[in-house]
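Participant: Next comes input23.tsv, TSV, C-alpha atoms and all ligand atoms:
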chain	number	residue	atom	x	y	z
A	1	MET	CA	-4.73	31.06	-53.80
A	2	ALA	CA	-4.51	30.27	-50.10
A	3	CYS	CA	-3.24	26.82	-49.24
A	4	TYR	CA	-4.72	25.74	-45.91
A	5	LEU	CA	-2.71	22.53	-45.72
A	6	CYS	CA	0.61	24.15	-46.54
A	7	PHE	CA	2.53	25.21	-43.40
A	8	SER	CA	6.10	26.28	-43.17
A	9	LYS	CA	8.48	24.17	-41.03
A	10	PRO	CA	8.68	26.69	-38.11
A	11	VAL	CA	4.86	26.86	-37.97
A	12	LEU	CA	4.62	23.07	-37.87
A	13	LEU	CA	7.29	22.90	-35.17
A	14	PHE	CA	5.50	25.55	-33.11
A	15	SER	CA	2.14	23.75	-33.44
A	16	ALA	CA	3.73	20.47	-32.42
A	17	LEU	CA	5.24	22.15	-29.35
A	18	VAL	CA	1.88	23.68	-28.37
A	19	LEU	CA	0.17	20.31	-28.81
A	20	TRP	CA	2.85	18.58	-26.74
A	21	ALA	CA	2.59	21.19	-23.97
A	22	PHE	CA	-1.19	20.89	-24.00
A	23	SER	CA	-1.19	17.10	-23.83
A	24	THR	CA	1.38	17.19	-21.00
A	25	LEU	CA	-0.86	19.60	-19.13
A	26	LEU	CA	-3.81	17.29	-19.70
A	27	GLU	CA	-1.87	14.29	-18.44
A	28	ALA	CA	-0.25	15.96	-15.43
A	29	GLN	CA	-1.64	14.81	-12.11
A	30	ASP	CA	-2.89	17.09	-9.43
A	31	PRO	CA	-4.24	15.35	-6.31
A	32	SER	CA	-6.95	17.99	-5.95
A	33	GLN	CA	-8.39	16.68	-9.22
A	34	LEU	CA	-9.18	13.29	-7.71
A	35	SER	CA	-12.84	12.89	-6.84
A	36	SER	CA	-15.14	10.09	-5.70
A	37	ASP	CA	-17.43	10.52	-8.71
A	38	TYR	CA	-14.71	10.57	-11.38
A	39	TYR	CA	-16.15	7.42	-13.06
A	40	LEU	CA	-19.79	8.31	-12.42
A	41	LYS	CA	-20.55	8.84	-16.12
A	42	THR	CA	-17.84	6.76	-17.79
A	43	CYS	CA	-18.00	3.63	-15.62
A	44	PRO	CA	-20.66	3.81	-12.90
A	45	ILE	CA	-20.20	0.07	-12.16
A	46	ALA	CA	-16.46	0.34	-11.50
A	47	GLU	CA	-16.73	0.09	-7.71
A	48	GLN	CA	-19.26	-2.74	-7.97
A	49	ILE	CA	-16.91	-4.75	-10.19
A	50	VAL	CA	-13.95	-4.29	-7.85
A	51	ARG	CA	-16.05	-5.11	-4.79
A	52	LYS	CA	-17.39	-8.35	-6.25
A	53	GLN	CA	-13.94	-9.65	-7.16
A	54	MET	CA	-12.58	-8.65	-3.76
A	55	GLU	CA	-15.42	-10.54	-2.09
A	56	TYR	CA	-14.46	-13.70	-4.01
A	57	ALA	CA	-10.77	-13.24	-3.20
A	58	VAL	CA	-11.23	-12.58	0.52
A	59	GLN	CA	-13.74	-15.40	0.88
A	60	ALA	CA	-11.20	-17.75	-0.69
A	61	ASP	CA	-8.48	-16.55	1.71
A	62	PRO	CA	-8.57	-13.57	4.12
A	63	ARG	CA	-4.81	-13.14	3.54
A	64	ASN	CA	-5.72	-11.79	0.10
A	65	ALA	CA	-7.13	-8.67	1.77
A	66	ALA	CA	-3.77	-8.03	3.44
A	67	ALA	CA	-1.88	-8.59	0.21
A	68	ILE	CA	-3.95	-6.00	-1.68
A	69	LEU	CA	-3.72	-3.41	1.11
A	70	ARG	CA	0.07	-3.76	1.19
A	71	LEU	CA	0.29	-3.49	-2.61
A	72	HIS	CA	-1.46	-0.11	-2.48
A	73	PHE	CA	0.98	1.12	0.19
A	74	HIS	CA	4.02	0.00	-1.79
A	75	ASP	CA	2.52	1.57	-4.91
A	76	CYS	CA	1.95	4.97	-3.28
A	77	PHE	CA	5.45	5.18	-1.73
A	78	VAL	CA	7.18	4.91	-5.12
A	79	GLN	CA	6.48	7.68	-7.67
A	80	GLY	CA	3.04	8.19	-6.06
A	81	CYS	CA	-0.01	5.94	-6.45
A	82	ASP	CA	0.40	5.22	-10.15
A	83	GLY	CA	0.29	1.43	-10.46
A	84	SER	CA	4.08	1.29	-10.91
A	85	VAL	CA	4.37	-1.59	-8.43
A	86	LEU	CA	2.24	-3.73	-10.74
A	87	LEU	CA	4.59	-3.54	-13.74
A	88	ASP	CA	6.48	-6.67	-14.74
A	89	ASP	CA	10.11	-6.50	-15.85
A	90	THR	CA	10.47	-6.34	-19.64
A	91	VAL	CA	13.44	-5.77	-21.95
A	92	THR	CA	12.77	-2.02	-21.83
A	93	LEU	CA	11.50	-1.59	-18.28
A	94	ILE	CA	12.85	-2.54	-14.87
A	95	GLY	CA	9.96	-2.98	-12.48
A	96	GLU	CA	9.79	-2.73	-8.70
A	97	LYS	CA	8.93	-6.34	-7.95
A	98	LYS	CA	12.53	-7.27	-7.19
A	99	ALA	CA	13.02	-4.48	-4.65
A	100	GLU	CA	14.21	-5.62	-1.22
A	101	GLN	CA	10.84	-5.15	0.49
A	102	ASN	CA	8.86	-6.57	-2.44
A	103	VAL	CA	10.65	-9.66	-3.66
A	104	LYS	CA	9.26	-12.95	-2.27
A	105	SER	CA	6.85	-10.86	-0.26
A	106	LEU	CA	4.35	-8.86	-2.33
A	107	LYS	CA	1.32	-10.90	-3.32
A	108	GLY	CA	-2.06	-10.31	-4.94
A	109	PHE	CA	-0.97	-9.54	-8.51
A	110	ASP	CA	-3.26	-12.28	-9.83
A	111	ILE	CA	-6.21	-10.71	-8.00
A	112	VAL	CA	-5.42	-7.35	-9.60
A	113	ASP	CA	-5.33	-9.08	-13.02
A	114	LYS	CA	-8.76	-10.60	-12.42
A	115	ILE	CA	-10.29	-7.29	-11.35
A	116	LYS	CA	-8.74	-5.55	-14.35
A	117	THR	CA	-10.08	-8.18	-16.78
A	118	ASN	CA	-13.56	-7.61	-15.39
A	119	LEU	CA	-13.20	-3.83	-15.53
A	120	GLU	CA	-12.01	-4.00	-19.14
A	121	ALA	CA	-15.02	-6.21	-20.00
A	122	GLY	CA	-17.43	-3.74	-18.39
A	123	CYS	CA	-15.83	-0.41	-19.32
A	124	PRO	CA	-12.90	-0.86	-21.74
A	125	GLY	CA	-10.03	1.60	-21.39
A	126	ILE	CA	-11.57	3.66	-18.59
A	127	VAL	CA	-10.44	2.62	-15.10
A	128	THR	CA	-6.75	2.82	-14.21
A	129	CYS	CA	-4.84	0.12	-12.34
A	130	ALA	CA	-3.81	2.72	-9.74
A	131	ASP	CA	-7.49	3.50	-9.02
A	132	LEU	CA	-8.39	-0.19	-9.06
A	133	LEU	CA	-5.82	-0.77	-6.33
A	134	ALA	CA	-7.00	2.17	-4.19
A	135	ILE	CA	-10.62	0.95	-4.33
A	136	ALA	CA	-9.62	-2.70	-3.77
A	137	ALA	CA	-7.52	-1.71	-0.72
A	138	ARG	CA	-10.54	0.04	0.82
A	139	ASP	CA	-12.73	-3.02	0.10
A	140	ALA	CA	-10.08	-5.29	1.62
A	141	VAL	CA	-10.30	-3.35	4.88
A	142	VAL	CA	-14.11	-3.29	4.89
A	143	LEU	CA	-14.40	-7.02	4.12
A	144	LEU	CA	-12.37	-7.88	7.23
A	145	GLY	CA	-14.48	-5.64	9.45
A	146	GLY	CA	-12.60	-2.35	9.14
A	147	PRO	CA	-13.85	1.15	8.32
A	148	TYR	CA	-15.34	2.37	5.03
A	149	TRP	CA	-14.23	5.58	3.32
A	150	ASP	CA	-15.02	7.16	-0.05
A	151	VAL	CA	-12.05	6.65	-2.35
A	152	PRO	CA	-11.12	9.69	-4.46
A	153	VAL	CA	-10.26	8.44	-7.97
A	154	GLY	CA	-8.89	9.78	-11.25
A	155	ARG	CA	-5.25	8.67	-10.96
A	156	LYS	CA	-3.23	7.80	-14.05
A	157	ASP	CA	-1.08	4.70	-14.56
A	158	SER	CA	2.61	5.39	-14.90
A	159	LYS	CA	4.64	4.49	-17.96
A	160	THR	CA	7.68	3.95	-15.77
A	161	ALA	CA	8.71	2.27	-12.52
A	162	SER	CA	11.59	2.89	-10.13
A	163	LEU	CA	13.45	-0.02	-8.58
A	164	ASP	CA	15.83	2.47	-6.94
A	165	GLN	CA	13.04	4.42	-5.25
A	166	ALA	CA	11.39	1.18	-4.15
A	167	ASN	CA	14.68	0.21	-2.48
A	168	THR	CA	15.19	3.56	-0.79
A	169	ASP	CA	11.71	4.90	0.04
A	170	ILE	CA	9.80	1.88	1.36
A	171	PRO	CA	10.46	1.50	5.10
A	172	THR	CA	12.04	-1.71	6.36
A	173	PRO	CA	11.36	-3.51	9.66
A	174	GLN	CA	15.00	-3.11	10.69
A	175	GLN	CA	14.92	0.69	10.45
A	176	GLY	CA	14.58	2.83	13.56
A	177	LEU	CA	11.60	5.00	14.41
A	178	VAL	CA	13.25	8.27	13.37
A	179	THR	CA	14.16	6.91	9.93
A	180	ILE	CA	10.68	5.54	9.37
A	181	ILE	CA	8.97	8.75	10.48
A	182	SER	CA	11.21	10.71	8.12
A	183	LYS	CA	10.27	8.39	5.25
A	184	PHE	CA	6.60	9.14	5.91
A	185	LEU	CA	7.28	12.89	6.27
A	186	ALA	CA	9.05	12.80	2.89
A	187	LYS	CA	5.74	11.58	1.38
A	188	GLY	CA	3.74	14.34	3.11
A	189	LEU	CA	2.50	11.99	5.84
A	190	SER	CA	2.78	12.80	9.56
A	191	ALA	CA	3.80	10.62	12.52
A	192	THR	CA	0.08	10.33	13.29
A	193	ASP	CA	-0.55	9.03	9.76
A	194	MET	CA	2.32	6.60	10.22
A	195	VAL	CA	1.04	5.07	13.46
A	196	ALA	CA	-2.52	4.82	12.15
A	197	LEU	CA	-1.42	3.32	8.82
A	198	ALA	CA	0.89	0.83	10.51
A	199	GLY	CA	-2.35	-0.33	12.17
A	200	ALA	CA	-2.83	-2.16	8.85
A	201	HIS	CA	-0.65	-4.82	10.48
A	202	THR	CA	-3.80	-5.87	12.33
A	203	ILE	CA	-4.22	-8.19	9.33
A	204	GLY	CA	-1.79	-10.28	7.33
A	205	VAL	CA	1.45	-12.03	8.06
A	206	SER	CA	5.17	-11.49	8.13
A	207	ARG	CA	7.89	-13.83	6.92
A	208	CYS	CA	10.42	-15.15	9.40
A	209	ALA	CA	13.15	-13.28	7.49
A	210	SER	CA	11.44	-10.00	8.47
A	211	PHE	CA	11.04	-10.72	12.19
A	212	ARG	CA	13.98	-13.01	13.06
A	213	ASP	CA	16.05	-10.07	14.40
A	214	ARG	CA	13.22	-9.15	16.69
A	215	ILE	CA	12.49	-12.54	18.27
A	216	TYR	CA	16.17	-13.32	18.84
A	217	GLY	CA	16.76	-9.69	19.83
A	218	ASP	CA	14.88	-7.50	22.30
A	219	PHE	CA	11.54	-9.34	22.32
A	220	GLU	CA	12.09	-10.73	25.81
A	221	LEU	CA	13.16	-7.31	27.04
A	222	THR	CA	10.04	-5.51	25.83
A	223	ALA	CA	7.53	-8.30	26.61
A	224	LYS	CA	5.58	-7.39	29.74
A	225	ASP	CA	3.26	-10.22	30.69
A	226	GLU	CA	5.72	-13.10	30.82
A	227	ALA	CA	3.09	-15.75	31.52
A	228	SER	CA	1.49	-15.21	28.13
A	229	SER	CA	4.35	-13.74	26.12
A	230	LEU	CA	7.02	-16.37	26.73
A	231	PRO	CA	4.99	-19.29	25.34
A	232	TYR	CA	4.18	-17.05	22.36
A	233	LEU	CA	7.88	-16.32	21.89
A	234	SER	CA	8.75	-20.05	22.04
A	235	LYS	CA	6.17	-20.76	19.36
A	236	LEU	CA	7.59	-17.98	17.19
A	237	LYS	CA	11.10	-19.40	17.57
A	238	GLU	CA	9.83	-22.85	16.65
A	239	ASP	CA	8.32	-21.45	13.45
A	240	CYS	CA	11.28	-19.20	12.76
A	241	PRO	CA	14.57	-20.88	13.65
A	242	LEU	CA	17.85	-18.96	13.79
A	243	ASP	CA	18.87	-20.69	10.61
A	244	GLY	CA	16.51	-21.42	7.72
A	245	GLY	CA	12.74	-21.15	7.42
A	246	ASP	CA	12.97	-17.61	6.00
A	247	ASP	CA	9.61	-17.91	4.27
A	248	ASN	CA	7.67	-19.34	7.23
A	249	VAL	CA	4.95	-16.87	8.18
A	250	SER	CA	3.33	-15.63	11.39
A	251	PRO	CA	0.47	-13.17	11.84
A	252	MET	CA	1.43	-9.69	13.00
A	253	ASP	CA	-1.71	-9.53	15.17
A	254	HIS	CA	-1.78	-12.95	16.82
A	255	PHE	CA	-5.00	-12.12	18.72
A	256	THR	CA	-7.33	-11.61	15.73
A	257	PRO	CA	-5.24	-12.13	12.57
A	258	ASN	CA	-8.16	-12.07	10.13
A	259	LEU	CA	-10.08	-9.19	11.64
A	260	PHE	CA	-9.41	-5.55	10.88
A	261	ASP	CA	-9.66	-4.23	14.45
A	262	ASN	CA	-7.36	-2.41	16.88
A	263	ALA	CA	-5.89	-5.52	18.55
A	264	PHE	CA	-2.56	-4.90	16.78
A	265	PHE	CA	-2.02	-1.99	19.16
A	266	GLU	CA	-2.54	-4.35	22.11
A	267	THR	CA	0.38	-6.47	20.88
A	268	LEU	CA	2.53	-3.32	21.11
A	269	LEU	CA	1.24	-2.36	24.57
A	270	LYS	CA	2.13	-5.86	25.75
A	271	GLY	CA	5.58	-5.51	24.19
A	272	THR	CA	4.96	-8.43	21.83
A	273	GLY	CA	4.91	-6.66	18.45
A	274	LEU	CA	6.28	-9.01	15.79
A	275	LEU	CA	8.27	-6.46	13.79
A	276	ASN	CA	11.03	-4.34	15.32
A	277	SER	CA	9.67	-1.29	13.53
A	278	ASP	CA	6.18	-1.81	15.01
A	279	GLN	CA	7.36	-2.32	18.58
A	280	GLU	CA	9.56	0.79	18.28
A	281	MET	CA	6.44	2.94	17.92
A	282	TYR	CA	5.64	2.05	21.53
A	283	SER	CA	8.95	1.15	23.13
A	284	SER	CA	11.48	3.49	21.52
A	285	LEU	CA	13.04	6.04	23.88
A	286	VAL	CA	12.30	8.73	21.32
A	287	GLY	CA	8.72	7.59	20.71
A	288	PHE	CA	6.90	10.05	23.00
A	289	GLU	CA	4.35	11.03	20.38
A	290	THR	CA	3.98	7.62	18.78
A	291	SER	CA	3.59	5.72	22.06
A	292	SER	CA	0.70	7.94	23.15
A	293	LEU	CA	-0.92	7.38	19.74
A	294	VAL	CA	-0.55	3.61	20.19
A	295	GLU	CA	-2.27	3.92	23.59
A	296	LYS	CA	-5.00	6.09	22.11
A	297	TYR	CA	-5.78	3.73	19.22
A	298	TRP	CA	-5.91	0.78	21.60
A	299	ALA	CA	-8.24	2.59	24.01
A	300	ASP	CA	-10.45	4.09	21.30
A	301	PRO	CA	-11.18	1.90	18.25
A	302	VAL	CA	-13.36	4.60	16.68
A	303	ALA	CA	-10.49	7.09	16.83
A	304	PHE	CA	-8.28	4.48	15.12
A	305	PHE	CA	-10.82	3.75	12.38
A	306	ASN	CA	-11.38	7.48	11.72
A	307	GLN	CA	-7.67	8.27	11.56
A	308	PHE	CA	-6.92	5.18	9.47
A	309	SER	CA	-9.56	6.21	6.90
A	310	ASP	CA	-8.28	9.81	6.75
A	311	SER	CA	-4.67	8.67	6.46
A	312	MET	CA	-5.51	6.16	3.70
A	313	VAL	CA	-7.12	8.98	1.68
A	314	LYS	CA	-4.05	11.14	2.34
A	315	MET	CA	-1.69	8.35	1.26
A	316	GLY	CA	-3.87	7.68	-1.79
A	317	ASN	CA	-3.56	11.33	-2.76
A	318	ILE	CA	0.18	11.02	-3.37
A	319	THR	CA	0.00	11.29	-7.13
A	320	ASN	CA	2.66	11.03	-9.79
A	321	PRO	CA	3.13	14.51	-11.30
A	322	GLU	CA	4.22	12.91	-14.57
A	323	GLY	CA	0.66	11.77	-15.27
A	324	GLY	CA	0.30	8.73	-17.50
A	325	GLU	CA	-2.29	6.52	-19.15
A	326	VAL	CA	-5.04	3.97	-18.57
A	327	ARG	CA	-3.15	0.70	-18.87
A	328	LYS	CA	-4.95	-2.13	-20.66
A	329	ASN	CA	-3.02	-4.72	-18.68
A	330	CYS	CA	-1.75	-3.71	-15.24
A	331	ARG	CA	1.52	-5.59	-15.79
A	332	PHE	CA	2.60	-3.66	-18.89
A	333	VAL	CA	2.53	-0.12	-20.23
A	334	ASN	CA	0.39	0.28	-23.36
A	335	THR	CA	2.22	-0.15	-26.65
A	401	LIG	C1	5.52	1.84	9.10
A	401	LIG	C2	6.34	1.23	8.27
A	401	LIG	C3	6.09	-0.16	7.77
A	401	LIG	C4	6.99	-1.17	7.78
A	401	LIG	C5	8.43	-1.11	8.26
A	401	LIG	C6	6.33	-2.33	7.26
A	401	LIG	C7	6.91	-3.56	7.09
A	401	LIG	C8	6.23	-4.73	6.78
A	401	LIG	C9	6.82	-6.03	6.72
A	401	LIG	C10	8.29	-6.34	6.98
A	401	LIG	C11	5.84	-6.92	6.44
A	401	LIG	C12	6.00	-8.43	6.29
A	401	LIG	C13	6.52	-8.70	4.89
A	401	LIG	C14	7.12	-10.08	4.75
A	401	LIG	O1	7.78	-10.53	5.66
A	401	LIG	O2	6.92	-10.68	3.67
A	401	LIG	C15	4.62	-6.17	6.28
A	401	LIG	C16	3.41	-6.73	5.97
A	401	LIG	C17	2.27	-5.99	5.76
A	401	LIG	N1	2.18	-4.60	5.74
A	401	LIG	FE1	3.57	-3.32	6.39
A	401	LIG	N2	5.04	-2.00	6.93
A	401	LIG	C18	4.85	-0.69	7.24
A	401	LIG	C19	3.70	0.04	7.01
A	401	LIG	C20	2.57	-0.45	6.38
A	401	LIG	C21	1.48	0.35	5.90
A	401	LIG	C22	1.45	1.87	5.92
A	401	LIG	C23	0.55	-0.50	5.39
A	401	LIG	C24	-0.76	-0.21	4.75
A	401	LIG	C25	-1.47	0.86	4.92
A	401	LIG	C26	1.06	-1.85	5.58
A	401	LIG	C27	0.39	-3.00	5.28
A	401	LIG	C28	0.90	-4.27	5.46
A	401	LIG	C29	0.08	-5.48	5.36
A	401	LIG	C30	-1.42	-5.54	5.13
A	401	LIG	C31	0.96	-6.56	5.52
A	401	LIG	C32	0.62	-8.05	5.44
A	401	LIG	C33	0.79	-8.51	4.00
A	401	LIG	C34	0.46	-9.96	3.75
A	401	LIG	O3	0.02	-10.67	4.63
A	401	LIG	O4	0.65	-10.37	2.60
A	401	LIG	N3	2.31	-1.77	6.15
A	401	LIG	N4	4.90	-4.83	6.48
Could you write out this file's structure as structure tokens?
Facilitator:
Amino acid sequence: MACYLCFSKPVLLFSALVLWAFSTLLEAQDPSQLSSDYYLKTCPIAEQIVRKQMEYAVQADPRNAAAILRLHFHDCFVQGCDGSVLLDDTVTLIGEKKAEQNVKSLKGFDIVDKIKTNLEAGCPGIVTCADLLAIAARDAVVLLGGPYWDVPVGRKDSKTASLDQANTDIPTPQQGLVTIISKFLAKGLSATDMVALAGAHTIGVSRCASFRDRIYGDFELTAKDEASSLPYLSKLKEDCPLDGGDDNVSPMDHFTPNLFDNAFFETLLKGTGLLNSDQEMYSSLVGFETSSLVEKYWADPVAFFNQFSDSMVKMGNITNPEGGEVRKNCRFVNT
């Protein structure tokens, strides 16, 4: 008599291998598989939920918009946009929150938690933290007056994080233009993407520790209109002394700090960019291409908005080829 439940060991092993290969294929991420209507049937209210929570957060404090936008950037530059930046340290996992550019600096994790709680209440187990962040970053920009773009979704949440990659791949304000461009190129992003995306510094603030080198360095040399730039420099030095005050903050676009516009590029044209890395895009001797882009985005806000939207989609398409899961809690991998 045939025994349908009786398999030999090699057959079982083979079946297990096929199943494993199949599930890996299913999990693997291909950016071309992202689409704006990924949650259309499974969670049509996903975008609405994210938007509402972002409205509350930005109304409470416009800085929250900047925090979320930066989180998405730091997520995408490490293993792809896979929510790895959101993971807390545990006994079995070392997260990215203690990386040089993240520690004492990344904010907005509580906002992500709130959005996730609401998503889980509306559509349990459907929307990933990586997608949540990509949608929330777009909403952050829109809520402060910036451009709208459709966000392709369908990313998976990673089961791992990489502190090492966070330390090596995220650009720092002390790095030169060539290094920063090469870090973007390594992620498939061009110099044009870099200049447009750095336009995100039209909102949010920097800590004194990140711009001290600049204000006690070549600020006076690059600043053009002395009548307005020297009082600004004195104020910066007051807020950011040579010694101490590391966590004191100043806006990177001192003209319109809570508006997503193109005024950030004006700070560079005037030679008063707050971060070394930002001013380099305009003032570096090797910045032929980047300085003309800075001029273009200052002269033509529509060109800036269009390029920023395109570059955000491009950055958001950096996926983690390992695939992953839909985390229940953005801070921890599922058990
Ligand atoms: C081009 C290379 C970049 C460098 C070197 C850089 C560096 C920095 C630094 C040093 C700060 C201040 C952090 C602190 O002092 O705590 C900052 C803030 C910020 N960055 Fe960047 N960044 C870059 C590109 C980007 C990109 C591509 C985005 C987003 C698309 C972005 C979005 C932001 C935002 C919104 C803030 C303000 C955050 C807040 O107020 O909490 N940055 N960045």
Participant: Neighbours of stretch 292-308 of chain A within 6 Å (all atoms listed in the file; same-chain residues fewer than 6 positions away dropped), as a list in words?
Facilitator: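 Contacts, in chain order: Pro147, Ala196, Leu197, Asn262 and Phe265 of chain A.
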Participant: (-1.6, -1.3, -3.2) in this file's frame - what residues fall within 12 Å of it? Use all atoms listed in the file and give the answer as an NGL selection string.
Facilitator: :A and (64-78 or 80-86 or 102 or 106-109 or 111-112 or 129-140 or 312 or 315-316)
Participant: Between A:Asp239, A:Ser162, A:Ser210, A:Asn276, single out the one closest to A:Asp89, counting all atoms listed in the file.
Facilitator: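 Closest to A:Asp89, using all atoms listed in the file: A:Ser162.
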Participant: Check the smallest atom-to-atom distance from each of A:Leu269, A:Leu93, A:Leu185, A:Ile45 to A:Asp225 using all atoms listed in the file, then report the winner.
Facilitator: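 Of the candidates, the smallest distance to A:Asp225 is held by A:Leu269.
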Participant: Between A:Tyr56, A:Phe184, A:Phe332, A:Phe219, which has the minimum distance to ligand LIG 401 (chain A) (counting all atoms listed in the file)?
Facilitator: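 Of the candidates, the smallest distance to ligand LIG 401 (chain A) is held by A:Phe184.
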Participant: Tell me which of A:Asp61, A:Asp113, A:Asp243, A:Asp88 sits closest to ligand LIG 401 (chain A), counting only C-alpha atoms and all ligand atoms.
Facilitator: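 Using only C-alpha atoms and all ligand atoms, ligand LIG 401 (chain A) sits closest to A:Asp61.
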Participant: For atom CA of A:Gly271 and atom C16 of ligand LIG 401 (chain A), determine how far apart the two atoms are, in Å to one decimal place.
Facilitator: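 Separation of atom CA of A:Gly271 and atom C16 of ligand LIG 401 (chain A): 18.4 Å.
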Participant: Between A:Gly245, A:Gly273, A:Pro171, A:Pro31, which residue has the minimum interatomic distance to A:Asn320, considering only C-alpha atoms?
Facilitator: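 Answer, going by the shortest atom-to-atom distance: A:Pro31.
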Participant: Using atom C19 of ligand LIG 401 (chain A) and atom CA of A:Asp164 as the two end points, give the distance in Å to one decimal.
Facilitator: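 Atom CA of A:Asp164 lies 18.6 Å from atom C19 of ligand LIG 401 (chain A).
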Participant: What separation in Å, quoted to one decimal, exists between atom CA of A:Ala200 and atom CA of A:Glu47?
Facilitator: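 Distance between the two atoms: 21.7 Å.
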Participant: Check the smallest atom-to-atom distance from each of A:Ser158, A:Ser228, A:Ser35, A:Thr172 to ligand LIG 401 (chain A) using all atoms listed in the file, then report the winner.
Facilitator: A:Thr172
Participant: Write out as a PDB file with C-alpha atoms, in the coordinates of the input the residues lying within 9 Å of A:Glu55, counting only C-alpha atoms and excluding same-chain residues fewer than 3 positions away.
Facilitator:
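Dumped to part11.pdb:
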ATOM      1  CA  VAL A  50     -13.950  -4.290  -7.850  1.00  0.00           C
ATOM      2  CA  ARG A  51     -16.050  -5.110  -4.790  1.00  0.00           C
ATOM      3  CA  LYS A  52     -17.390  -8.350  -6.250  1.00  0.00           C
ATOM      4  CA  VAL A  58     -11.230 -12.580   0.520  1.00  0.00           C
ATOM      5  CA  GLN A  59     -13.740 -15.400   0.880  1.00  0.00           C
ATOM      6  CA  ALA A  60     -11.200 -17.750  -0.690  1.00  0.00           C
ATOM      7  CA  ASP A 139     -12.730  -3.020   0.100  1.00  0.00           C
ATOM      8  CA  ALA A 140     -10.080  -5.290   1.620  1.00  0.00           C
ATOM      9  CA  LEU A 143     -14.400  -7.020   4.120  1.00  0.00           C
TER      10      LEU A 143
END
Participant: Write stretch 128-143 of chain A as a compact mmCIF listing (two decimals), in the frame of the given file, completed to N, CA and C atoms.
Facilitator:
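out_6.txt, written as the output of this step:
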# COMPACT_ATOMS: atom_id res chain seq x y z
N THR A 128 -8.19 3.09 -14.32
CA THR A 128 -6.75 2.82 -14.21
C THR A 128 -6.46 1.74 -13.16
N CYS A 129 -5.28 1.15 -13.30
CA CYS A 129 -4.84 0.12 -12.34
C CYS A 129 -4.57 0.77 -10.98
N ALA A 130 -4.09 2.02 -11.00
CA ALA A 130 -3.81 2.72 -9.74
C ALA A 130 -5.12 2.94 -8.97
N ASP A 131 -6.19 3.32 -9.68
CA ASP A 131 -7.49 3.50 -9.02
C ASP A 131 -8.06 2.17 -8.56
N LEU A 132 -7.93 1.17 -9.41
CA LEU A 132 -8.39 -0.19 -9.06
C LEU A 132 -7.81 -0.60 -7.71
N LEU A 133 -6.52 -0.35 -7.55
CA LEU A 133 -5.82 -0.77 -6.33
C LEU A 133 -6.30 0.03 -5.11
N ALA A 134 -6.54 1.33 -5.31
CA ALA A 134 -7.00 2.17 -4.19
C ALA A 134 -8.39 1.72 -3.73
N ILE A 135 -9.26 1.40 -4.69
CA ILE A 135 -10.62 0.95 -4.33
C ILE A 135 -10.56 -0.44 -3.69
N ALA A 136 -9.74 -1.32 -4.29
CA ALA A 136 -9.62 -2.70 -3.77
C ALA A 136 -9.05 -2.70 -2.35
N ALA A 137 -8.12 -1.78 -2.07
CA ALA A 137 -7.52 -1.71 -0.72
C ALA A 137 -8.60 -1.31 0.30
N ARG A 138 -9.44 -0.35 -0.08
CA ARG A 138 -10.54 0.04 0.82
C ARG A 138 -11.47 -1.16 1.06
N ASP A 139 -11.83 -1.87 -0.03
CA ASP A 139 -12.73 -3.02 0.10
C ASP A 139 -12.09 -4.11 0.96
N ALA A 140 -10.79 -4.29 0.82
CA ALA A 140 -10.08 -5.29 1.62
C ALA A 140 -10.29 -5.02 3.11
N VAL A 141 -10.15 -3.75 3.48
CA VAL A 141 -10.30 -3.35 4.88
C VAL A 141 -11.74 -3.59 5.35
N VAL A 142 -12.69 -3.15 4.52
CA VAL A 142 -14.11 -3.29 4.89
C VAL A 142 -14.49 -4.77 5.04
N LEU A 143 -14.01 -5.60 4.11
CA LEU A 143 -14.40 -7.02 4.12
C LEU A 143 -13.88 -7.77 5.35
